[in-house]
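Report on the structure given below.
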There are 2 protein chains.
Amino acid sequence: MASAPKANAVVSQSGGPTGVINASLVGVIEEVKKHPEIKNLYGAIHAVSGIVKENFIDLNKISADVLETVAASPSSALGSSRDKPDAEYCKKILDVFKKRDIRYFFYIGGNDSANTCFIVNKMAQETGLELRAFHVPKTIDNDLLVTDHCPGFGTAAKFVACAVMGDDLDNRALPGIKVDCIMGRNAGFLTAAAALGKQRDDDGPHLIYLPEKTVSMEKFLSDVEAVYKKLGRCVIAVSEGMSDTDGKTWAEKITKTDEHDDHGNVQLSGTGALADYLAMRIKAKLKVKRVRADTFGYLQRSFAGLQSSVDASEARRCGIEAVKLAMTNLNGSVAMKRIGNGKNYAVELFRTELANVAEKTKHLPDEFINKDGNGVTKAFVEYALPLTGGLPKTEYLGNKPKI
Amino acid sequence: MASAPKANAVVSQSGGPTGVINASLVGVIEEVKKHPEIKNLYGAIHAVSGIVKENFIDLNKISADVLETVAASPSSALGSSRDKPDAEYCKKILDVFKKRDIRYFFYIGGNDSANTCFIVNKMAQETGLELRAFHVPKTIDNDLLVTDHCPGFGTAAKFVACAVMGDDLDNRALPGIKVDCIMGRNAGFLTAAAALGKQRDDDGPHLIYLPEKTVSMEKFLSDVEAVYKKLGRCVIAVSEGMSDTDGKTWAEKITKTDEHDDHGNVQLSGTGALADYLAMRIKAKLKVKRVRADTFGYLQRSFAGLQSSVDASEARRCGIEAVKLAMTNLNGSVAMKRIGNGKNYAVELFRTELANVAEKTKHLPDEFINKDGNGVTKAFVEYALPLTGGLPKTEYLGNKPKI
């Protein structure tokens with residue numbers, strides 16, 4: 001292994017923002033300061049597009065106070081991008097790296113970002129440029145392979161759990177049927193997190209529909225009817241990726257859009273269509289007057305002042321670890337291994353190959369989904385609850401003994 | 001003034017839940033314990049409907065620990081109701097009061113609840129029943145008369161401000177146009193609260209549309225275009241009660257519904273239709289690809305673990321005050337007067353007549369709305385910011401000097 005080169009570094013943030021992606025950024029910044037091998041630390045504004053445009057700021061100039069506020073702020077403080085670099089784009093990135101004497105590349109993002117890291121690193125090797133390329137994981141969807149879980153998920157899960165806890169109490173106060181539509185096109189982890197705040201046997205969400213399990217409209221409506229008949233109310237968490245038995249998402253079936261993001265995904269977020277459609281079908285079938293629908297939208301990924309303390313701490317450690325790894329490795333992606341659970345919850349970090357993470361998607365495993373495909377298991381709660389950093393306790397008095 | 005009767009009391013919660021209506025409930029419970037005049041304290045489940053059905057629980061039996069969790073829990077721990085009692089309904093209420101020896105009635109709710117208090121009290125007087133009827137204010141809309149502001153508003157305002165702060169940072173990271181639809185059918189206070197977290201000159205929301213000021217689609221679109229041309233992005237806060245120049249709400253114009261609540265209001269909440277419609281119009285007119293819409297929905301009024309400390313404390317004080325007032329007055333509504341602002345923010349409580357609050361609605365005053373009718377003034381921020389209990393600071397690095 002060649003010793004770490006004395007050169008500049010660049011860090012950037014890609015893809016959809018999260019509540020703790022800035023904690024990872026600050027982890028990178030603070031660890032870089034400890035390594036004299038790294039001269040300047042450039043922050044590329046708006047991810048890869050900022051690199052090719054040489055839209056850089058000097059991250060060593062940011063004061064410690066400001067950095068702590070950055071770490072606590074939601075969204076991507078360096079801006080983001082949905083660009084998916086092709087070979088020509090990557091060549092431009094390398095040209096800038098050469099011009100600016102950049103030999104360290106830290107890229108905080110999801111599986112697309114891991115892939116960008118992988119391609120850029122491969123091209124660098126092919127052209128004889130010594131580059132150390134490291135991917136720092138982030139995603140609210142929790143859909144990266146290898147790692148136990150992703151920074152960003154715990155905070156989004158806390159938001160979803162707190163929202164559904166409140167919504168379920170609201171539904172107790174004014175009973176009816178409520179549909180909550182949650183992000184996660186392909187992976188159901190975040191929708192499943194709706195269950196994390198359940199404290200009483202009859203707490204909602206009473207039904208959870210995940211992208212991993214298809215459901216016919218008939219089954220969906222009969223599930224809702226059964227809960228409503230039993231409890232006189234029903235709270236339902238549905239993923240934006242909830243699919244019909246033919247595998248097509250309900251959102252695709254009901255909305256027409258000519259808009260795809262640069263990765264070829266249909267745009268589902270930012271629209272209340274799916275939740276409103278499901279509410280309409282429930283109302284038509286069950287003749288219940290009070291049926292409501294909410295779509296949690298962007299609040300799930302960027303809400304000020306609601307980080308999971310565990311998630312924020314882990315995100316920062318992942319940023320720190322990427323820089324440490326870069327001192328003794330040529331490339332890689334940072335991953336987490338759980339070494340204790342429950343009260344002894346803890347993780348240790350390790351390096352995995354970029355190719356193990358790039359472009360791959362993890363799904364909610366079968367052992368986290370109940371038999372009927374409309375709820376989660378205790379194993380999921382044990383897995384996900386520690387990541388939220390703990391949830392508030394609530395009380396409802398309506399079921400106390402009557403006098 | 002007759003001395004306070006030795007009798008039972010009932011407390012209940014009505015209308016839409018809030019984040020601190022349970023703090024008011026706990027205020028009533030803890031103060032009642034100090035007054036031996038009050039024997040049993042009944043909690044009526046689901047408001048007036050719980051009274052006529054004698055669906056009561058014994059609130060003296062709830063432990064102090066549980067009460068503190070109740071006070072911190074969102075939504076209405078006793079359940080709620082949208083029933084609007086007519087004369088016959090009120091007669092049934094009085095029959096139960098007589099039967100159960102109830103001479104104290106504490107009703108936590110909005111202007112409809114103040115009216116119920118007023119009618120029940122008037123009927124009691126007419127039939128010679130000595131009743132002490134007190135209204136404890138609550139509403140996220142902040143639309144009650146007399147009081148400086150309403151318990152419930154500060155917590156909802158905190159939610160809306162934190163949501164828009166995060167959303168604005170998200171919009172900086174991935175620029176485009178974003179529409180956020182906020183509750184408040186007739187009063188714009190909560191939509192205006194979207195501005196409370198602004199920290200930088202170019203922070204969103206860049207435009208705010210309130211029920212108090214009508215706006216044509218042409219003006220709306222040209223406002224958005226102007227901001228987008230200047231900043232390359234735009235975050236817009238719109239009230240669900242945003243209205244066309246003919247005074248009709250845009251929501252009414254675009255949605256067909258046969259559902260009205262028992263007060264004759266069209267049901268607007270729980271649907272993404274208005275925000276999605278505005279996003280569609282913006283996209284069609286400005287040819288901007290990235291236009292998104294979110295409707296904050298029920299999360300604004302019932303979200304676990306996000307109380308404003310100021311709001312929670314004031315809500316509790318209002319509950320306490322209602323009981324104190326009942327010892328020396330026959331009826332009334334609790335109101336707040338601001339006796340200091342900014343760092344010296346403080347309120348004192350006082351009694352006002354039920355008739356001053358019943359069925360009346362306060363609107364956002366003109367001095368809180370900017371000249372163009374598409375934003376708020378500094379005076380509004382000075383008025384509303386203390387009620388949130390303080391908002392988190394955030395940082396964005398994308399506008400730092402380039403190197």
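To be explicit about the labels: the chains of the structure tokens are called A, B, and onward in the order shown, and within each one the residues are counted from 1, while ligands get numbers from 1 in the order they are shown.
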For this session: Write down as number ranges by chain the residues of segment 85-329 of chain B whose backbone DSSP state falls under helix (DSSP H, G or I).
Result: B: 87-99, 111-126, 153-173, 189-195, 217-231, 250-254, 273-286, 297-300, 309-328
For this session: Check segment 200-385 of chain A with DSSP on the backbone and list each residue it calls strand (DSSP E or B), as a PyMOL selection string.
Result: chain A and resi 207-209+234-239+243+249+260+266+291-295+331-340+346-352+369+376
For this session: May I ask you to extract the residues of chain B within 7 Å of chain A, using only C-alpha atoms, and to give them as a ChimeraX atom specification?
Result: /B:17,45-46,55-58,69-70,73-81,162-163,165-167,169-170,172-174,270-273,276,292-294,297-299,302-305,392-398,400-403
Can you write out the residues you just picked, keeping N, CA and C atoms, as a short mmCIF file (atom, residue, chain, number, x, y, z; two decimals), in the first residue's frame?
data_model
loop_
_atom_site.label_atom_id
_atom_site.label_comp_id
_atom_site.auth_asym_id
_atom_site.auth_seq_id
_atom_site.Cartn_x
_atom_site.Cartn_y
_atom_site.Cartn_z
N PRO B 17 -58.13 18.47 17.67
CA PRO B 17 -57.08 18.37 18.68
C PRO B 17 -55.95 19.38 18.43
N ILE B 45 -65.86 11.66 27.95
CA ILE B 45 -65.18 11.13 26.77
C ILE B 45 -65.92 11.55 25.50
N HIS B 46 -65.20 12.10 24.56
CA HIS B 46 -65.76 12.63 23.31
C HIS B 46 -66.72 13.81 23.56
N ASN B 55 -70.69 9.06 29.51
CA ASN B 55 -69.45 8.32 29.27
C ASN B 55 -68.34 9.06 30.02
N PHE B 56 -68.25 8.76 31.33
CA PHE B 56 -67.36 9.51 32.23
C PHE B 56 -66.24 8.63 32.79
N ILE B 57 -65.08 9.25 33.00
CA ILE B 57 -64.04 8.58 33.78
C ILE B 57 -63.71 9.46 35.00
N ASP B 58 -63.06 8.84 35.99
CA ASP B 58 -62.74 9.53 37.24
C ASP B 58 -61.32 10.11 37.14
N THR B 69 -47.42 12.68 31.55
CA THR B 69 -47.36 12.13 30.19
C THR B 69 -48.54 12.62 29.37
N VAL B 70 -49.72 12.68 30.01
CA VAL B 70 -50.90 13.23 29.32
C VAL B 70 -50.59 14.66 28.86
N SER B 73 -48.61 14.80 25.78
CA SER B 73 -49.10 14.07 24.62
C SER B 73 -49.95 14.95 23.71
N PRO B 74 -49.79 14.80 22.39
CA PRO B 74 -50.64 15.55 21.47
C PRO B 74 -52.05 14.95 21.42
N SER B 75 -52.94 15.68 20.78
CA SER B 75 -54.34 15.29 20.60
C SER B 75 -55.09 15.37 21.92
N SER B 76 -56.37 14.98 21.89
CA SER B 76 -57.26 15.16 23.03
C SER B 76 -57.39 13.85 23.79
N ALA B 77 -56.80 13.80 24.99
CA ALA B 77 -56.75 12.55 25.75
C ALA B 77 -58.13 12.06 26.16
N LEU B 78 -59.11 12.96 26.20
CA LEU B 78 -60.48 12.56 26.53
C LEU B 78 -61.30 12.30 25.27
N GLY B 79 -60.66 12.40 24.11
CA GLY B 79 -61.42 12.29 22.86
C GLY B 79 -62.12 13.60 22.57
N SER B 80 -62.63 13.72 21.37
CA SER B 80 -63.28 14.97 20.96
C SER B 80 -64.58 14.67 20.23
N SER B 81 -65.19 15.71 19.72
CA SER B 81 -66.45 15.56 18.99
C SER B 81 -66.64 16.78 18.13
N CYS B 162 -40.66 24.80 11.61
CA CYS B 162 -39.59 23.79 11.47
C CYS B 162 -39.71 23.03 10.15
N ALA B 163 -40.95 22.76 9.75
CA ALA B 163 -41.16 22.06 8.48
C ALA B 163 -40.69 22.92 7.31
N MET B 165 -38.60 25.52 7.42
CA MET B 165 -37.14 25.70 7.51
C MET B 165 -36.42 24.54 6.83
N GLY B 166 -36.83 23.32 7.16
CA GLY B 166 -36.22 22.14 6.55
C GLY B 166 -36.49 22.09 5.06
N ASP B 167 -37.73 22.39 4.71
CA ASP B 167 -38.13 22.32 3.31
C ASP B 167 -37.39 23.36 2.47
N LEU B 169 -34.36 24.49 3.11
CA LEU B 169 -33.00 23.99 2.93
C LEU B 169 -32.98 22.87 1.88
N ASP B 170 -34.01 22.05 1.87
CA ASP B 170 -34.14 21.00 0.87
C ASP B 170 -34.23 21.63 -0.53
N ARG B 172 -33.04 24.50 -1.40
CA ARG B 172 -31.72 25.03 -1.76
C ARG B 172 -30.85 23.90 -2.33
N ALA B 173 -30.94 22.71 -1.70
CA ALA B 173 -30.09 21.59 -2.11
C ALA B 173 -30.46 21.10 -3.52
N LEU B 174 -31.76 21.02 -3.77
CA LEU B 174 -32.26 20.58 -5.08
C LEU B 174 -33.25 21.64 -5.56
N GLY B 270 -56.85 17.11 4.76
CA GLY B 270 -56.78 15.70 4.44
C GLY B 270 -56.80 15.42 2.96
N THR B 271 -56.52 16.42 2.18
CA THR B 271 -56.45 16.21 0.75
C THR B 271 -55.31 17.02 0.16
N GLY B 272 -54.60 16.44 -0.79
CA GLY B 272 -53.50 17.15 -1.42
C GLY B 272 -53.93 17.94 -2.64
N ALA B 273 -55.24 18.06 -2.85
CA ALA B 273 -55.74 18.61 -4.12
C ALA B 273 -55.28 20.04 -4.39
N ASP B 276 -51.46 20.25 -5.07
CA ASP B 276 -51.16 19.59 -6.36
C ASP B 276 -51.66 20.44 -7.54
N ARG B 292 -42.80 20.87 -6.87
CA ARG B 292 -43.29 19.88 -5.91
C ARG B 292 -44.33 20.52 -5.00
N ALA B 293 -45.17 19.68 -4.41
CA ALA B 293 -46.21 20.18 -3.51
C ALA B 293 -46.37 19.27 -2.31
N ASP B 294 -46.48 19.84 -1.15
CA ASP B 294 -46.81 19.08 0.05
C ASP B 294 -47.97 19.74 0.79
N GLY B 297 -51.27 18.78 6.40
CA GLY B 297 -52.31 17.92 6.95
C GLY B 297 -52.36 17.85 8.47
N TYR B 298 -52.74 16.69 8.97
CA TYR B 298 -52.99 16.54 10.40
C TYR B 298 -51.73 16.59 11.25
N LEU B 299 -50.57 16.44 10.59
CA LEU B 299 -49.30 16.49 11.34
C LEU B 299 -49.16 17.81 12.07
N SER B 302 -51.27 17.36 15.52
CA SER B 302 -51.02 16.25 16.44
C SER B 302 -49.73 15.55 16.04
N PHE B 303 -48.63 15.98 16.58
CA PHE B 303 -47.33 15.38 16.29
C PHE B 303 -46.68 15.11 17.64
N ALA B 304 -46.25 13.88 17.88
CA ALA B 304 -45.72 13.53 19.20
C ALA B 304 -44.34 14.14 19.43
N GLY B 305 -44.15 14.73 20.62
CA GLY B 305 -42.82 15.17 21.03
C GLY B 305 -42.37 16.51 20.47
N PRO B 392 -34.91 26.21 16.13
CA PRO B 392 -33.51 25.83 15.92
C PRO B 392 -32.82 26.75 14.92
N LYS B 393 -31.53 26.94 15.11
CA LYS B 393 -30.72 27.66 14.12
C LYS B 393 -30.28 26.66 13.05
N THR B 394 -30.14 27.14 11.83
CA THR B 394 -29.65 26.26 10.76
C THR B 394 -28.52 26.95 10.00
N GLU B 395 -27.77 26.15 9.25
CA GLU B 395 -26.71 26.70 8.39
C GLU B 395 -26.80 26.10 7.00
N TYR B 396 -26.46 26.91 6.01
CA TYR B 396 -26.32 26.44 4.63
C TYR B 396 -24.99 26.98 4.12
N LEU B 397 -24.22 26.14 3.46
CA LEU B 397 -22.85 26.54 3.07
C LEU B 397 -22.73 26.94 1.61
N GLY B 398 -23.77 26.65 0.83
CA GLY B 398 -23.67 26.84 -0.62
C GLY B 398 -23.40 28.26 -1.07
N LYS B 400 -21.30 30.36 0.54
CA LYS B 400 -20.00 30.85 1.04
C LYS B 400 -19.11 31.22 -0.15
N PRO B 401 -18.06 32.04 0.08
CA PRO B 401 -17.19 32.47 -1.03
C PRO B 401 -16.56 31.28 -1.77
N LYS B 402 -16.47 31.41 -3.08
CA LYS B 402 -15.89 30.34 -3.90
C LYS B 402 -14.37 30.45 -3.93
N ILE B 403 -13.71 29.32 -4.05
CA ILE B 403 -12.24 29.33 -4.19
C ILE B 403 -11.82 28.57 -5.45
#
Pick out the residues sitting within 6 Å of Thr191 of chain B, and hand them over as an mmCIF file with C-alpha atoms, in the first residue's frame; count only C-alpha atoms, and ignore anything fewer than 2 positions along from it in its own chain.
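Writing done, so here's out-v5.cif:
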data_model
loop_
_atom_site.group_PDB
_atom_site.id
_atom_site.type_symbol
_atom_site.label_atom_id
_atom_site.label_comp_id
_atom_site.auth_asym_id
_atom_site.auth_seq_id
_atom_site.Cartn_x
_atom_site.Cartn_y
_atom_site.Cartn_z
ATOM 1 C CA ILE B 182 -51.022 24.792 5.540
ATOM 2 C CA GLY B 188 -53.965 33.004 8.251
ATOM 3 C CA PHE B 189 -51.959 32.909 11.490
ATOM 4 C CA ALA B 193 -45.991 31.052 10.870
ATOM 5 C CA ALA B 194 -44.152 29.526 7.887
ATOM 6 C CA SER B 239 -53.313 28.563 3.312
#
Problem set entry | Surrounding residues of segment 146-153 of chain B excluding itself and chain neighbours under 4 positions, 6 Å, only C-alpha atoms, as JSON, numbers by chain | {"B": [18, 19, 20, 138, 139, 140, 142, 157, 311, 315, 335, 336, 337]}
Selected residues written out, C-alpha atoms, as a PDB file, in the first residue's frame:
ATOM      1  CA  THR B  18     -53.928  20.408  19.321  1.00  0.00           C
ATOM      2  CA  GLY B  19     -50.469  19.699  20.674  1.00  0.00           C
ATOM      3  CA  VAL B  20     -51.232  21.200  24.081  1.00  0.00           C
ATOM      4  CA  LYS B 138     -57.586  26.104  22.334  1.00  0.00           C
ATOM      5  CA  THR B 139     -57.086  26.233  18.608  1.00  0.00           C
ATOM      6  CA  ILE B 140     -54.168  25.859  16.231  1.00  0.00           C
ATOM      7  CA  ASN B 142     -55.298  31.269  16.723  1.00  0.00           C
ATOM      8  CA  ALA B 157     -46.618  27.337  14.555  1.00  0.00           C
ATOM      9  CA  ASP B 311     -47.390  27.078  24.580  1.00  0.00           C
ATOM     10  CA  ALA B 315     -52.109  25.980  28.043  1.00  0.00           C
ATOM     11  CA  ALA B 335     -57.938  34.878  27.936  1.00  0.00           C
ATOM     12  CA  MET B 336     -54.287  35.982  27.816  1.00  0.00           C
ATOM     13  CA  LYS B 337     -52.870  39.474  27.822  1.00  0.00           C
TER      14      LYS B 337
END
Non-local contacts of Ser24 of chain B (8 Å; only C-alpha atoms; under 2 positions in same chain excluded) as a compact mmCIF listing (two decimals) with N, CA and C atoms, in the first residue's frame:
# COMPACT_ATOMS: atom_id res chain seq x y z
N VAL B 20 -51.29 20.87 22.65
CA VAL B 20 -51.23 21.20 24.08
C VAL B 20 -52.60 21.22 24.76
N ILE B 21 -53.65 20.75 24.08
CA ILE B 21 -54.98 20.76 24.71
C ILE B 21 -54.98 19.84 25.94
N ASN B 22 -54.07 18.86 25.95
CA ASN B 22 -53.95 17.99 27.12
C ASN B 22 -53.24 18.67 28.28
N VAL B 26 -54.75 18.88 32.06
CA VAL B 26 -54.01 18.57 33.28
C VAL B 26 -54.01 19.78 34.22
N GLY B 27 -53.99 20.99 33.66
CA GLY B 27 -54.11 22.20 34.49
C GLY B 27 -55.42 22.19 35.27
N VAL B 28 -56.51 21.86 34.62
CA VAL B 28 -57.81 21.77 35.29
C VAL B 28 -57.76 20.71 36.40
N ALA B 71 -50.05 15.48 29.76
CA ALA B 71 -49.79 16.89 29.45
C ALA B 71 -48.84 17.04 28.27
N ILE B 108 -62.84 22.77 27.13
CA ILE B 108 -61.63 23.21 26.43
C ILE B 108 -61.88 23.11 24.93
N VAL B 136 -62.10 27.09 28.24
CA VAL B 136 -60.64 27.18 28.19
C VAL B 136 -60.25 27.20 26.71
N ALA B 315 -50.89 26.81 28.13
CA ALA B 315 -52.11 25.98 28.04
C ALA B 315 -52.47 25.46 29.44
N ARG B 316 -51.44 25.03 30.16
CA ARG B 316 -51.66 24.50 31.51
C ARG B 316 -52.18 25.61 32.44
N ARG B 317 -51.56 26.77 32.33
CA ARG B 317 -52.01 27.89 33.16
C ARG B 317 -53.47 28.25 32.87
N CYS B 318 -53.87 28.16 31.61
CA CYS B 318 -55.25 28.48 31.26
C CYS B 318 -56.23 27.50 31.91
N GLY B 319 -55.82 26.22 31.95
CA GLY B 319 -56.66 25.22 32.63
C GLY B 319 -56.78 25.52 34.12
N ILE B 320 -55.64 25.86 34.74
CA ILE B 320 -55.62 26.20 36.17
C ILE B 320 -56.50 27.41 36.44
Exercise. Counting only C-alpha atoms, what is within 9 Å of segment 338-341 of chain A, bar same-chain residues fewer than 4 positions away, as a PyMOL selection string?
Worked result: chain A and resi 147-149+345-349+382-383+386
With N, CA and C atoms retained, write the just-selected residues as a PDB file, in the first residue's frame.
ATOM      1  N   THR A 147     -24.278  -2.653   4.871  1.00  0.00           N
ATOM      2  CA  THR A 147     -24.405  -1.978   6.174  1.00  0.00           C
ATOM      3  C   THR A 147     -25.677  -2.450   6.906  1.00  0.00           C
ATOM      4  N   ASP A 148     -25.591  -2.497   8.248  1.00  0.00           N
ATOM      5  CA  ASP A 148     -26.757  -2.895   9.061  1.00  0.00           C
ATOM      6  C   ASP A 148     -27.926  -1.955   8.809  1.00  0.00           C
ATOM      7  N   HIS A 149     -27.608  -0.664   8.681  1.00  0.00           N
ATOM      8  CA  HIS A 149     -28.621   0.356   8.395  1.00  0.00           C
ATOM      9  C   HIS A 149     -27.890   1.593   7.885  1.00  0.00           C
ATOM     10  N   TYR A 345     -27.387  -1.394  22.610  1.00  0.00           N
ATOM     11  CA  TYR A 345     -27.230  -1.083  21.189  1.00  0.00           C
ATOM     12  C   TYR A 345     -25.905  -0.377  20.916  1.00  0.00           C
ATOM     13  N   ALA A 346     -25.181  -0.865  19.934  1.00  0.00           N
ATOM     14  CA  ALA A 346     -23.925  -0.239  19.506  1.00  0.00           C
ATOM     15  C   ALA A 346     -23.558  -0.741  18.118  1.00  0.00           C
ATOM     16  N   VAL A 347     -22.788   0.049  17.406  1.00  0.00           N
ATOM     17  CA  VAL A 347     -22.298  -0.389  16.095  1.00  0.00           C
ATOM     18  C   VAL A 347     -20.789  -0.188  16.022  1.00  0.00           C
ATOM     19  N   GLU A 348     -20.169  -0.984  15.159  1.00  0.00           N
ATOM     20  CA  GLU A 348     -18.787  -0.658  14.791  1.00  0.00           C
ATOM     21  C   GLU A 348     -18.742  -0.465  13.289  1.00  0.00           C
ATOM     22  N   LEU A 349     -17.782   0.338  12.828  1.00  0.00           N
ATOM     23  CA  LEU A 349     -17.722   0.688  11.412  1.00  0.00           C
ATOM     24  C   LEU A 349     -16.684  -0.163  10.708  1.00  0.00           C
ATOM     25  N   GLU A 382     -37.491  -4.360  17.017  1.00  0.00           N
ATOM     26  CA  GLU A 382     -36.214  -4.511  17.731  1.00  0.00           C
ATOM     27  C   GLU A 382     -35.043  -3.999  16.896  1.00  0.00           C
ATOM     28  N   TYR A 383     -35.154  -4.198  15.593  1.00  0.00           N
ATOM     29  CA  TYR A 383     -34.108  -3.726  14.677  1.00  0.00           C
ATOM     30  C   TYR A 383     -34.098  -2.197  14.591  1.00  0.00           C
ATOM     31  N   PRO A 386     -33.980   1.256  18.124  1.00  0.00           N
ATOM     32  CA  PRO A 386     -32.793   1.945  18.657  1.00  0.00           C
ATOM     33  C   PRO A 386     -32.293   3.066  17.747  1.00  0.00           C
TER      34      PRO A 386
END
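Interatomic distance, atom CA of Pro137 of chain A against atom CA of Ser333 of chain A: 7.3 Å.
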Exercise. So which residues touch Asp246 of chain A within 12 Å, counting only C-alpha atoms, skipping near sequence neighbours fewer than 2 positions away, as a list in words?
Worked result: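 Result of the neighbour search: Lys213, Thr214, Val215, Ser216, Met217, Met242, Ser243, Asp244, Lys248, Thr249, Trp250 and Lys253 of chain A.
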